[in-house]
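Q: Here it is, the structure, as structure tokens.
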Amino acid sequence: MPIRGLRGETYRTGKVAYHNDFRRSKWTKLMLKGHVRLNNVMFAPLIIDKKTVGIIGLANSPANSLNVTL
């Protein structure tokens, strides 16, 4: 799966990225046909030795409650 869109932002910057109204975001145009419906999403980087080596993604939290405090 290509690293692009909001996931790509997390991978590139090494910072958490989220969107609480994903269905209306610019990122939806990158989704493949038949993809599960995403209401909200959050991606967090997995960092080793100051380098992003992976990403953890969460989606469809109840009531658009993906809030991040850093």
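Each chain in the structure tokens gets a letter, A, B, ..., in the order shown, and its residues are numbered from 1; ligands are numbered from 1 in order too.
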If we count only C-alpha atoms and set the cut-off at 9 Å, which residues sit around A:Leu6, ignoring sequence neighbours fewer than 5 positions away in its own chain? Please answer as a PyMOL selection string.
A: chain A and resi 11+17-19+27+41-43
Q: Please dump the current selection as an mmCIF file, in the first residue's frame; keep N, CA, C and O atoms.
A:
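File selection.cif, as written:
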data_model
loop_
_atom_site.group_PDB
_atom_site.id
_atom_site.type_symbol
_atom_site.label_atom_id
_atom_site.label_comp_id
_atom_site.auth_asym_id
_atom_site.auth_seq_id
_atom_site.Cartn_x
_atom_site.Cartn_y
_atom_site.Cartn_z
ATOM 1 N N TYR A 11 4.133 10.161 8.155
ATOM 2 C CA TYR A 11 5.416 9.519 7.853
ATOM 3 C C TYR A 11 6.486 10.564 7.541
ATOM 4 O O TYR A 11 7.612 10.493 8.014
ATOM 5 N N ALA A 17 -1.088 13.065 12.962
ATOM 6 C CA ALA A 17 -2.010 13.763 12.064
ATOM 7 C C ALA A 17 -3.398 13.171 12.260
ATOM 8 O O ALA A 17 -3.540 11.955 12.412
ATOM 9 N N TYR A 18 -4.414 14.027 12.291
ATOM 10 C CA TYR A 18 -5.774 13.514 12.452
ATOM 11 C C TYR A 18 -6.768 14.411 11.730
ATOM 12 O O TYR A 18 -6.479 15.568 11.407
ATOM 13 N N HIS A 19 -7.931 13.858 11.465
ATOM 14 C CA HIS A 19 -9.018 14.610 10.851
ATOM 15 C C HIS A 19 -10.327 14.071 11.411
ATOM 16 O O HIS A 19 -10.603 12.883 11.305
ATOM 17 N N TRP A 27 -8.480 14.387 1.605
ATOM 18 C CA TRP A 27 -7.801 13.094 1.549
ATOM 19 C C TRP A 27 -8.674 11.974 0.986
ATOM 20 O O TRP A 27 -8.166 10.961 0.535
ATOM 21 N N VAL A 41 -10.087 9.867 11.469
ATOM 22 C CA VAL A 41 -8.852 9.074 11.471
ATOM 23 C C VAL A 41 -7.761 9.799 12.244
ATOM 24 O O VAL A 41 -7.779 11.023 12.368
ATOM 25 N N MET A 42 -6.830 9.006 12.765
ATOM 26 C CA MET A 42 -5.641 9.551 13.400
ATOM 27 C C MET A 42 -4.480 8.615 13.107
ATOM 28 O O MET A 42 -4.617 7.394 13.193
ATOM 29 N N PHE A 43 -3.356 9.182 12.735
ATOM 30 C CA PHE A 43 -2.147 8.412 12.491
ATOM 31 C C PHE A 43 -1.051 8.918 13.413
ATOM 32 O O PHE A 43 -0.870 10.124 13.563
#
Q: Could you find all residues in chain A that DSSP calls helix (DSSP H, G or I) from the backbone, and write them as a list in words?
A: Gly5, Leu6, Arg7, Gly8, Glu9, Thr10, Tyr11, Arg12, Thr13, Phe22, Arg23, Arg24, Lys26, Trp27, Thr28, Lys29, Leu30, Pro62, Ala63 and Asn64 of chain A
Q: Atom CA of A:Gly14 and atom CA of A:Val53, how far apart in Å?
A: 9.5 Å
Q: Please return as a VMD selection string: the residues of chain A that backbone DSSP assigns to strand (DSSP E).
A: chain A and resid 17 to 19 41 to 48 51 to 59
